[in-house]
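**Q** Below is the file structure-v6.tsv, with TSV, C-alpha atoms.
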```
chain	number	residue	atom	x	y	z
A	1	MET	CA	116.63	57.40	89.57
A	2	GLN	CA	114.50	59.61	91.82
A	3	ILE	CA	114.96	57.16	94.67
A	4	VAL	CA	118.73	57.33	94.23
A	5	VAL	CA	118.69	61.13	94.32
A	6	PHE	CA	116.31	61.18	97.30
A	7	GLY	CA	118.41	58.61	99.15
A	8	PHE	CA	121.62	60.53	98.53
A	9	GLY	CA	119.98	63.76	99.65
A	10	LEU	CA	118.77	62.09	102.83
A	11	ILE	CA	122.17	60.55	103.59
A	12	ALA	CA	123.96	63.81	102.79
A	13	SER	CA	121.65	65.76	105.12
A	14	ALA	CA	122.19	63.26	107.92
A	15	LEU	CA	125.97	63.37	107.44
A	16	LEU	CA	125.94	67.15	107.44
A	17	ALA	CA	123.93	67.18	110.67
A	18	LEU	CA	126.43	64.73	112.19
A	19	ALA	CA	129.33	66.94	111.11
A	20	ALA	CA	127.64	69.99	112.63
A	21	VAL	CA	127.16	68.15	115.94
A	22	LYS	CA	130.81	67.07	115.91
A	23	LEU	CA	131.91	70.60	115.15
A	24	TRP	CA	129.75	71.94	117.97
A	25	ALA	CA	131.29	69.41	120.37
A	26	ALA	CA	134.75	70.47	119.21
A	27	TYR	CA	134.08	74.16	119.78
A	28	ARG	CA	132.41	73.53	123.14
A	29	LEU	CA	134.74	70.91	124.62
A	30	TYR	CA	138.04	71.52	122.85
A	31	LEU	CA	138.12	75.29	122.34
A	32	PHE	CA	135.76	76.05	125.28
A	33	PHE	CA	133.53	78.47	123.40
A	34	ASN	CA	130.47	79.63	125.34
A	35	HIS	CA	128.41	80.27	122.21
A	36	ALA	CA	129.57	77.31	120.16
A	37	PHE	CA	126.09	76.61	118.83
A	38	TRP	CA	125.73	80.02	117.20
A	39	VAL	CA	129.28	79.98	115.85
A	40	VAL	CA	128.73	76.60	114.20
A	41	LEU	CA	125.25	77.49	112.94
A	42	SER	CA	126.38	80.75	111.36
A	43	SER	CA	129.46	79.11	109.84
A	44	GLN	CA	127.23	76.50	108.19
A	45	ILE	CA	124.92	79.20	106.86
A	46	ILE	CA	127.91	81.07	105.43
A	47	ALA	CA	129.26	77.84	103.88
A	48	PHE	CA	125.85	77.05	102.35
A	49	LEU	CA	125.43	80.55	100.91
A	50	ALA	CA	128.98	80.54	99.52
A	51	LEU	CA	128.52	77.17	97.80
A	52	ALA	CA	125.06	78.07	96.52
A	53	THR	CA	126.43	81.28	95.03
A	54	LEU	CA	129.32	79.39	93.46
A	55	LEU	CA	127.07	76.72	91.93
A	56	PHE	CA	124.54	79.30	90.72
A	57	ASN	CA	127.26	81.30	89.00
A	58	LEU	CA	128.66	78.17	87.43
A	59	GLN	CA	125.22	77.19	86.17
A	60	PHE	CA	124.27	80.69	85.01
A	61	PRO	CA	127.51	82.57	84.32
A	62	PRO	CA	127.11	86.34	84.65
A	63	TRP	CA	129.33	87.01	81.68
B	1	MET	CA	135.72	81.46	125.46
B	2	SER	CA	134.96	79.86	128.78
B	3	GLU	CA	136.92	77.88	131.30
B	4	ALA	CA	138.22	74.37	131.10
B	5	PRO	CA	136.22	72.22	133.50
B	6	ASN	CA	139.25	70.61	135.09
B	7	ALA	CA	141.16	73.82	135.69
B	8	THR	CA	142.29	74.36	139.26
B	9	GLU	CA	144.38	76.95	140.99
B	10	THR	CA	147.93	75.68	140.80
B	11	PRO	CA	151.17	77.59	141.34
B	12	SER	CA	153.11	78.98	138.42
B	13	PRO	CA	156.12	76.96	137.27
B	14	PRO	CA	159.37	78.07	138.90
B	15	ALA	CA	161.31	78.58	135.66
B	16	PRO	CA	160.99	78.00	131.93
B	17	VAL	CA	161.32	74.36	131.09
B	18	ASP	CA	164.52	73.44	129.21
B	19	GLY	CA	165.12	77.09	128.48
B	20	HIS	CA	161.98	77.24	126.30
B	21	SER	CA	159.03	79.54	126.75
B	22	VAL	CA	155.79	78.14	128.12
B	23	LEU	CA	153.23	79.10	125.51
B	24	CYS	CA	149.47	78.94	125.64
B	25	PRO	CA	148.51	75.93	123.50
B	26	LEU	CA	145.55	77.75	121.99
B	27	CYS	CA	146.90	81.19	121.09
B	28	GLY	CA	150.68	81.00	121.63
B	29	TYR	CA	150.81	83.67	124.36
B	30	ASP	CA	153.85	83.44	126.67
B	31	LEU	CA	152.53	82.23	130.02
B	32	ARG	CA	155.68	82.69	132.14
B	33	GLY	CA	155.22	84.72	135.29
B	34	LEU	CA	151.48	84.22	135.52
B	35	ILE	CA	150.01	83.44	138.93
B	36	GLU	CA	146.58	82.40	137.81
B	37	PRO	CA	146.55	79.42	135.42
B	38	ARG	CA	144.54	81.27	132.81
B	39	CYS	CA	145.76	82.76	129.55
B	40	PRO	CA	145.11	86.53	129.56
B	41	GLU	CA	144.99	86.57	125.76
B	42	CYS	CA	142.40	83.93	124.94
B	43	GLY	CA	140.96	83.01	128.35
B	44	TYR	CA	142.06	79.36	128.23
B	45	ARG	CA	142.28	77.79	131.70
B	46	PHE	CA	144.80	75.04	132.26
B	47	VAL	CA	146.69	73.05	134.88
B	48	TRP	CA	150.41	73.79	135.01
B	49	ALA	CA	151.37	70.17	135.59
B	50	GLU	CA	149.42	69.01	132.56
B	51	LEU	CA	150.82	71.80	130.43
B	52	LEU	CA	154.44	71.04	131.33
B	53	ASP	CA	154.29	67.25	131.31
B	54	ARG	CA	155.32	66.20	127.83
B	55	LYS	CA	154.14	62.64	128.39
B	56	LEU	CA	150.58	63.97	128.41
B	57	ASN	CA	151.07	65.63	125.04
B	58	THR	CA	150.37	62.44	123.12
B	59	HIS	CA	146.85	61.21	122.49
B	60	PRO	CA	146.25	57.49	123.08
B	61	TYR	CA	145.10	56.73	119.53
B	62	LEU	CA	144.90	59.93	117.43
B	63	PHE	CA	146.13	59.53	113.84
B	64	GLU	CA	148.28	62.65	114.20
B	65	HIS	CA	150.32	61.11	117.02
B	66	HIS	CA	150.89	57.54	115.87
B	67	PRO	CA	152.76	57.51	112.55
B	68	ARG	CA	154.06	53.99	113.16
B	69	ASN	CA	150.59	52.47	113.43
B	70	ASN	CA	148.84	54.20	110.58
B	71	ILE	CA	145.99	51.78	109.93
B	72	TRP	CA	145.25	51.14	113.61
B	73	SER	CA	145.29	54.82	114.54
B	74	PHE	CA	143.26	55.76	111.44
B	75	VAL	CA	140.50	53.28	112.26
B	76	ARG	CA	140.53	54.17	115.97
B	77	THR	CA	140.33	57.90	115.18
B	78	ALA	CA	137.45	57.39	112.75
B	79	ILE	CA	135.56	55.25	115.27
B	80	GLY	CA	136.40	57.56	118.17
B	81	GLY	CA	134.99	60.53	116.26
B	82	LEU	CA	131.56	58.89	116.26
B	83	ASN	CA	131.30	59.77	119.94
B	84	PRO	CA	132.26	63.46	119.67
B	85	VAL	CA	131.76	64.30	123.35
B	86	ARG	CA	134.23	61.69	124.55
B	87	PHE	CA	136.58	62.33	121.60
B	88	TRP	CA	136.89	66.07	122.22
B	89	ARG	CA	137.26	65.54	125.96
B	90	THR	CA	140.24	63.25	125.47
B	91	LEU	CA	141.86	65.54	122.90
B	92	GLN	CA	143.47	68.54	124.61
B	93	PRO	CA	144.89	71.68	122.96
B	94	GLN	CA	148.32	71.05	124.51
B	95	MET	CA	148.59	67.80	122.56
B	96	THR	CA	150.99	68.73	119.79
B	97	PRO	CA	149.20	69.39	116.47
B	98	ARG	CA	150.73	67.84	113.36
B	99	PRO	CA	149.14	69.59	110.37
B	100	ARG	CA	150.48	67.21	107.71
B	101	ARG	CA	149.11	64.14	109.47
B	102	LEU	CA	145.79	65.90	109.99
B	103	LEU	CA	145.64	66.77	106.30
B	104	LYS	CA	146.47	63.18	105.32
B	105	TYR	CA	143.69	61.86	107.55
B	106	TRP	CA	141.12	64.20	106.05
B	107	ILE	CA	142.23	63.51	102.47
B	108	VAL	CA	141.98	59.74	102.92
B	109	CYS	CA	138.53	60.11	104.52
B	110	THR	CA	137.31	62.27	101.68
B	111	ILE	CA	138.97	60.51	98.81
B	112	LEU	CA	137.80	56.98	99.62
B	113	PRO	CA	134.24	57.39	98.25
B	114	ALA	CA	135.60	59.26	95.23
B	115	LEU	CA	137.99	56.36	94.57
B	116	LEU	CA	135.11	53.91	94.85
B	117	GLY	CA	133.12	56.01	92.37
B	118	ALA	CA	136.05	56.22	89.97
B	119	THR	CA	136.47	52.44	90.10
B	120	LEU	CA	132.81	51.94	89.26
B	121	LEU	CA	133.07	54.41	86.38
B	122	ALA	CA	136.12	52.58	85.07
B	123	ALA	CA	134.15	49.34	85.18
B	124	THR	CA	131.36	51.01	83.21
B	125	ALA	CA	133.85	52.32	80.67
B	126	MET	CA	135.21	48.82	80.21
B	127	ALA	CA	131.69	47.61	79.55
B	128	ASP	CA	131.27	50.38	76.98
B	129	HIS	CA	134.38	49.15	75.24
B	130	PHE	CA	132.78	45.76	74.78
B	131	TYR	CA	129.22	47.06	74.16
B	132	PRO	CA	129.50	50.46	72.33
B	133	PRO	CA	125.71	50.99	71.90
B	134	PHE	CA	125.43	51.34	75.66
B	135	SER	CA	127.92	54.12	76.25
B	136	PRO	CA	126.99	56.45	79.16
B	137	LEU	CA	126.33	59.38	76.81
B	138	THR	CA	123.95	57.35	74.69
B	139	LEU	CA	122.14	56.05	77.75
B	140	LEU	CA	121.92	59.55	79.24
B	141	ALA	CA	120.55	61.02	76.00
B	142	ARG	CA	118.02	58.23	75.66
B	143	ARG	CA	116.87	58.73	79.25
B	144	HIS	CA	116.06	62.38	78.43
B	145	GLY	CA	114.14	61.51	75.26
B	146	TRP	CA	116.78	62.34	72.68
B	147	PRO	CA	116.87	61.77	69.73
B	148	ARG	CA	113.19	62.37	68.94
B	149	GLN	CA	112.92	59.79	66.17
B	150	PRO	CA	112.87	56.21	67.35
B	151	PRO	CA	116.41	54.96	67.45
B	152	PRO	CA	117.38	51.77	65.70
B	153	GLN	CA	116.86	48.74	67.82
B	154	PRO	CA	120.05	47.95	69.65
B	155	PRO	CA	121.21	44.40	70.09
B	156	PRO	CA	119.81	42.66	73.18
B	157	ARG	CA	121.30	44.03	76.40
B	158	PRO	CA	123.28	41.59	78.44
B	159	PRO	CA	122.27	41.69	82.14
B	160	LEU	CA	125.76	42.88	83.06
B	161	VAL	CA	125.22	46.13	81.14
B	162	ASP	CA	122.05	46.90	83.06
B	163	THR	CA	123.88	46.49	86.33
B	164	LEU	CA	126.80	48.63	85.19
B	165	ASP	CA	124.40	51.33	83.99
B	166	GLN	CA	122.94	51.60	87.49
B	167	LEU	CA	126.43	51.49	88.97
B	168	SER	CA	127.49	54.41	86.78
B	169	VAL	CA	124.71	56.53	88.33
B	170	LEU	CA	125.90	55.51	91.78
B	171	ALA	CA	129.52	56.24	90.86
B	172	THR	CA	128.68	59.71	89.58
B	173	ALA	CA	126.75	60.42	92.76
B	174	LEU	CA	129.71	59.25	94.88
B	175	ILE	CA	132.17	61.49	93.06
B	176	PHE	CA	129.78	64.44	93.23
B	177	SER	CA	129.27	63.85	96.97
B	178	ALA	CA	133.01	63.79	97.57
B	179	GLY	CA	133.32	67.10	95.74
B	180	VAL	CA	130.56	68.61	97.85
B	181	VAL	CA	132.21	67.38	101.06
B	182	VAL	CA	135.53	68.93	100.04
B	183	ALA	CA	133.92	72.25	99.10
B	184	TRP	CA	131.77	72.33	102.23
B	185	THR	CA	134.72	71.56	104.51
B	186	ILE	CA	136.87	74.29	102.99
B	187	SER	CA	133.98	76.79	103.16
B	188	THR	CA	133.37	75.95	106.82
B	189	PHE	CA	137.07	76.35	107.64
B	190	LEU	CA	137.17	79.75	105.91
B	191	ALA	CA	133.95	80.84	107.64
B	192	LEU	CA	135.37	79.90	111.03
B	193	LEU	CA	138.52	81.86	110.24
B	194	VAL	CA	136.29	84.90	109.79
B	195	PHE	CA	135.08	84.42	113.37
B	196	GLN	CA	138.66	83.98	114.50
B	197	GLN	CA	139.45	87.40	113.09
B	198	THR	CA	136.36	89.14	114.45
B	199	MET	CA	136.27	87.70	117.99
B	200	ASP	CA	138.71	89.59	120.15
B	201	ARG	CA	138.95	86.89	122.78
B	202	ALA	CA	139.28	84.04	120.33
B	203	GLN	CA	142.81	84.54	119.09
B	204	ILE	CA	143.27	80.83	118.69
B	205	ARG	CA	145.80	79.38	116.28
B	206	ARG	CA	144.54	78.25	112.88
B	207	ILE	CA	145.73	74.70	113.42
B	208	HIS	CA	143.18	74.26	116.21
B	209	VAL	CA	140.38	75.44	113.92
B	210	ALA	CA	141.68	73.05	111.26
B	211	ARG	CA	141.71	70.26	113.83
B	212	CYS	CA	138.07	70.89	114.74
B	213	VAL	CA	136.99	71.01	111.09
B	214	GLY	CA	139.17	68.08	109.99
B	215	TYR	CA	137.92	65.63	112.60
B	216	SER	CA	134.33	66.82	112.24
B	217	PHE	CA	134.16	66.47	108.46
B	218	ASP	CA	135.63	62.98	108.07
B	219	LEU	CA	132.36	62.10	106.39
B	220	GLY	CA	133.63	59.87	103.63
B	221	LEU	CA	133.80	56.94	106.00
```
For the structure just supplied, provide its representation as structure tokens.
**A**
Amino acid sequence: MQIVVFGFGLIASALLALAAVKLWAAYRLYLFFNHAFWVVLSSQIIAFLALATLLFNLQFPPW
Amino acid sequence: MSEAPNATETPSPPAPVDGHSVLCPLCGYDLRGLIEPRCPECGYRFVWAELLDRKLNTHPYLFEHHPRNNIWSFVRTAIGGLNPVRFWRTLQPQMTPRPRRLLKYWIVCTILPALLGATLLAATAMADHFYPPFSPLTLLARRHGWPRQPPPQPPPRPPLVDTLDQLSVLATALIFSAGVVVAWTISTFLALLVFQQTMDRAQIRRIHVARCVGYSFDLGL
């Protein structure tokens, strides 16, 4: 069971990194952003914080 | 925003084509009357000939542009996305966006692993129908040490049930992963829209942001 969870975490992290690289390429080569790296990095941080907040509030409802 | 690498100084078009306005493909600004081939609103540099030639508005294999060859264009788009540098160099903003086709592509990419997981769960449920002592809830409770008193000895497990029990874990993980991908993609899109609102020189249309996110998060495949 732990191996399954570890494997899925590893695959999910790799896929997320791939998606971030693809998104960076899109912003750099398609939209011609000069600071594509920082835009993509900060968007991923915002997405992570938003989802973490959502999951935390679902797990431990404030009401 | 920076400049397109292939932009060159070319003369402005003599008149609007077919009576229509010539709009910037990124932000929709009316480009008529400009001398320099650069959008004053978003900074996008272009070549007039490429912007006005409608034959160049179709991508060679993009799923959005080939509704008659759905499977071929879907597979080619998914494979092409694995080399993002080449993919985003061949895809130009003036190539007409088709939001519905883009949404279909992303949904199929995301839903495939969830469908696989649902199929596996259905197979497990069928096994439960034939072997009730091994229902997923019972197995889950037993895995976490509940109930405390030793349970009555179940009948001998057929090998098929063992396999399906492991498959049910895999199926749950697949469905959960698909949910995470959907939530992460939507969060990223919304986060990038925040930047679109706060960056003065990045007044790009939402469909282009959706295009970037959609083709970057086709992770299900």
**Q** Sorted by chain and rising residue number, list the residues of chain A at most 10 Å from chain B (counting all atoms listed in the file), each with its closest atom pair and distance in Å to one decimal, as a Markdown table.
**A**
```
| residue | atom | partner | partner_atom | distance |
| --- | --- | --- | --- | --- |
| A:Met1 | CA | B:Val169 | CA | 8.2 |
| A:Val4 | CA | B:Leu170 | CA | 7.8 |
| A:Val5 | CA | B:Ala173 | CA | 8.2 |
| A:Phe8 | CA | B:Ala173 | CA | 7.7 |
| A:Gly9 | CA | B:Ser177 | CA | 9.7 |
| A:Ala12 | CA | B:Ser177 | CA | 7.9 |
| A:Leu15 | CA | B:Leu219 | CA | 6.6 |
| A:Leu16 | CA | B:Leu219 | CA | 8.2 |
| A:Leu18 | CA | B:Ser216 | CA | 8.2 |
| A:Ala19 | CA | B:Ser216 | CA | 5.1 |
| A:Ala20 | CA | B:Ser216 | CA | 7.4 |
| A:Val21 | CA | B:Pro84 | CA | 7.9 |
| A:Lys22 | CA | B:Ser216 | CA | 5.1 |
| A:Leu23 | CA | B:Ser216 | CA | 5.3 |
| A:Trp24 | CA | B:Ser216 | CA | 8.9 |
| A:Ala25 | CA | B:Val85 | CA | 5.9 |
| A:Ala26 | CA | B:Cys212 | CA | 5.6 |
| A:Tyr27 | CA | B:Cys212 | CA | 7.2 |
| A:Arg28 | CA | B:Trp88 | CA | 8.8 |
| A:Leu29 | CA | B:Trp88 | CA | 5.8 |
| A:Tyr30 | CA | B:Trp88 | CA | 5.6 |
| A:Leu31 | CA | B:Met1 | CA | 7.3 |
| A:Phe32 | CA | B:Ser2 | CA | 5.2 |
| A:Phe33 | CA | B:Met1 | CA | 4.2 |
| A:Asn34 | CA | B:Met1 | CA | 5.6 |
| A:His35 | CA | B:Met1 | CA | 8.1 |
| A:Ala36 | CA | B:Met1 | CA | 9.1 |
| A:Val39 | CA | B:Phe195 | CA | 7.7 |
| A:Val40 | CA | B:Leu192 | CA | 8.1 |
| A:Ser42 | CA | B:Ala191 | CA | 8.4 |
| A:Ser43 | CA | B:Ala191 | CA | 5.3 |
| A:Gln44 | CA | B:Thr188 | CA | 6.3 |
| A:Ile45 | CA | B:Thr188 | CA | 9.1 |
| A:Ile46 | CA | B:Ala191 | CA | 6.4 |
| A:Ala47 | CA | B:Ser187 | CA | 4.9 |
| A:Phe48 | CA | B:Trp184 | CA | 7.6 |
| A:Leu49 | CA | B:Ser187 | CA | 9.6 |
| A:Ala50 | CA | B:Ser187 | CA | 7.2 |
| A:Leu51 | CA | B:Trp184 | CA | 7.3 |
```
**Q** Which residues are near range 62-66 of chain B? Cut-off 7 Å, all atoms listed in the file, ignore same chain within fewer than 2 positions. Put them as a PyMOL selection string.
**A** chain B and resi 58-60+68-70+73-74+77+98+101-102
**Q** Dump C-alpha atoms for the selected residues as a compact mmCIF listing (two decimals), keeping the file's coordinate frame?
**A**
```
# COMPACT_ATOMS: atom_id res chain seq x y z
CA THR B 58 150.37 62.44 123.12
CA HIS B 59 146.85 61.21 122.49
CA PRO B 60 146.25 57.49 123.08
CA ARG B 68 154.06 53.99 113.16
CA ASN B 69 150.59 52.47 113.43
CA ASN B 70 148.84 54.20 110.58
CA SER B 73 145.29 54.82 114.54
CA PHE B 74 143.26 55.76 111.44
CA THR B 77 140.33 57.90 115.18
CA ARG B 98 150.73 67.84 113.36
CA ARG B 101 149.11 64.14 109.47
CA LEU B 102 145.79 65.90 109.99
```
**Q** Please measure the separation of CA of Pro25 in chain B and CA of Gln94 in chain B, giving the value in Å to one decimal.
**A**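 Computing it gives 5.0 Å between the two atoms.
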**Q** Can you work out the spacing between CA of Ile11 in chain A and CA of Ala178 in chain B in Å, to one decimal?
**A**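 Pair CA of Ile11 in chain A / CA of Ala178 in chain B returns 12.8 Å.
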**Q** Have a look at CA of Phe46 in chain B and CA of Cys24 in chain B and let me know their distance in Å, one decimal.
**A** 9.0 Å
**Q** Counting only C-alpha atoms, which of B:Ile35, B:Ile71, B:Ala49, B:Val182 gets nearest to Ile107 in chain B?
**A**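 Using only C-alpha atoms, the shortest distance to Ile107 in chain B belongs to B:Val182.
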**Q** Report, as lines of an AutoDock Vina configuration file, the centre and edge lengths in Å (one decimal) of the axis-aligned box enclosing every listed atom of range 15-32 of chain A, padded by 5 Å on each side.
**A**
```
center_x = 131.0
center_y = 69.7
center_z = 116.4
size_x = 24.2
size_y = 22.7
size_z = 27.8
```
**Q** Nearest residue to Leu115 in chain B out of B:Ile175, B:Pro37, B:Thr96, B:Leu52, using all atoms listed in the file?
**A**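 Using all atoms listed in the file, Leu115 in chain B sits closest to B:Ile175.
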